[in-house]
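For reference, the structure is listed below as structure tokens.
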Amino acid sequence: MKILTVVGARPQFIKAAAVSRVLRRQHTELLVHTGQHYDANMSDIFFDELDIPRPDYNLGVGSGTHGRQTAEILMKTEEVLLREKPDLLLVYGDTNSTLAGALAASKLLIPVAHIEAGLRSFNMDMPEEQNRVLTDHISRWLFCPTQTAVKNLLVEGISGGVNVGDVMCDALRFYRQAALEKYRDTGASQLQYLAEGGRSLSQGWYLATIHRAENTGDSAHLPAILEAFEQLPLPVIFPVHPRTKGIVSRLCAQGHYENIHFVEPVGYLHMLYLAARARKIITDSGGLQKEAYLLGVPCVTVREQTEWVETLGGGWNVLAQPHAVDIVRKVTRVEADPSARADYYGDGHAAEKILGQLSIEQ
Ligand code: UDP
């Protein structure tokens, strides 16, 4: 089959790294990069480091409001679809690239395969929730990462969800060893290069990422979150997402944060190392919550809900309000229960199962 895959954002590059290599054993894949994430450390580094095939098309849409970005991806993807006439279109996750790609194909009656189908936060204020619900309803193949996701689809009257496991679990299992080996000899003193000055990392660190709209928008959430980081007993390494950069710069101009190492986004292997060796992870990222669980590192998620509900068992992931007191209490007091862990996210072979399902339909 001729498969046209649309990616555009950091987590989608990581997912494509796991899936493309397997798909290309049997199918012809054309890769379209929408350009939603375009900074070198949000895009190129993943293609280089993870050996992702070069995109056949780069739509170069860049940043913009949700409407403008979605519309531009929709129009440009349609042009590619009309030229290439693929047998199916493949999309990942819940970004504007996901929805716009799926919609362009659906209108042309090209069947859509959605990887990471069925996830729900049940909060339709989130742009990601809107994208995933709408994409699921126009997809022919619904590759769910968990049994919970299959059930979520059933509740919405969609019976075609198949639990294949999570492709990010595939990626983590595939790259973890390489990541730990690459950074094995990286002592705390070398890590200090991440940010000149700041508190020493020799006693350990917390790893943090914050970029959801609800925490980085006009709300007062980020100041409270940074205040919490200042009060923690170990320093916090915080790779700053481009969306969070502006507000972080403004806050840093107003006050000095001694306990936080603000750094540029890092590559996936570096991130896996920092995560695997962190004392705890504090995040609002979907992917990082799950990586914390898979790596056995306790996580505090600064959100009202999580789509990855399995991680909440045994205190491995705890939701926190965006208030300093709640975050500090949960990071310092909650203990995870080692006996309460299970392989909810598959065996690291989700991509093969996806390939198998697509072959059945051929
Ligand atoms: N990640 C990375 N470098 C960073 C921050 C995150 O490689 O500086 C990885 C992280 O390990 C995970 C993915 O990016 O695999 C998560 O992406 P993100 O948080 O941007 O999106 P979400 O998962 O929330 O959709």
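Convention: chains lettered A, B, ... in structure tokens order; per-chain residue numbering from 1; ligands numbered from 1 as shown.
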Test item: residues lying within 10 Å of ligand 1 with only C-alpha atoms and all ligand atoms, as a ChimeraX atom specification: /A:9-15,37,41-43,45-46,93-95,128,168-169,171-172,207-212,238-243,263-275,283-292
Name all residues at most 9 Å from range 247-249 of chain A (count only C-alpha atoms; drop same-chain ones fewer than 5 positions away) and give them as a list in words.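 Final neighbour list, sorted by chain and number: Thr216, Gly217, Leu222, Pro223, Val240, Gln254 and Phe262 of chain A.
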Which residue is closest to Gly198 in chain A? Choose from A:Asp39, A:Glu129, A:Glu49, A:Glu258 and count only C-alpha atoms.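 Smallest separation from Gly198 in chain A among the options: A:Glu258.
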Pick the closest to Val6 in chain A from A:Leu99, A:Leu82, A:Ala18, A:Ala220: which is it, counting only C-alpha atoms?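 Under the stated criterion, the closest residue is A:Leu99.
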Per-residue nearest contacts range 104-123 of chain A to range 144-160 of chain A, cut-off 6 Å, using only C-alpha atoms, as a Markdown table:
| residue | atom | partner | partner_atom | distance |
| --- | --- | --- | --- | --- |
| A:Glu116 | CA | A:Cys144 | CA | 5.1 |
| A:Ala117 | CA | A:Cys144 | CA | 4.7 |
| A:Gly118 | CA | A:Ala149 | CA | 4.2 |
| A:Leu119 | CA | A:Ala149 | CA | 5.1 |
Check range 124-290 of chain A with DSSP on the backbone and list each residue it calls alpha helix (DSSP H), as a ChimeraX atom specification. /A:127-137,147-155,167-182,188-191,213-216,221-231,242-254,268-276,286-290
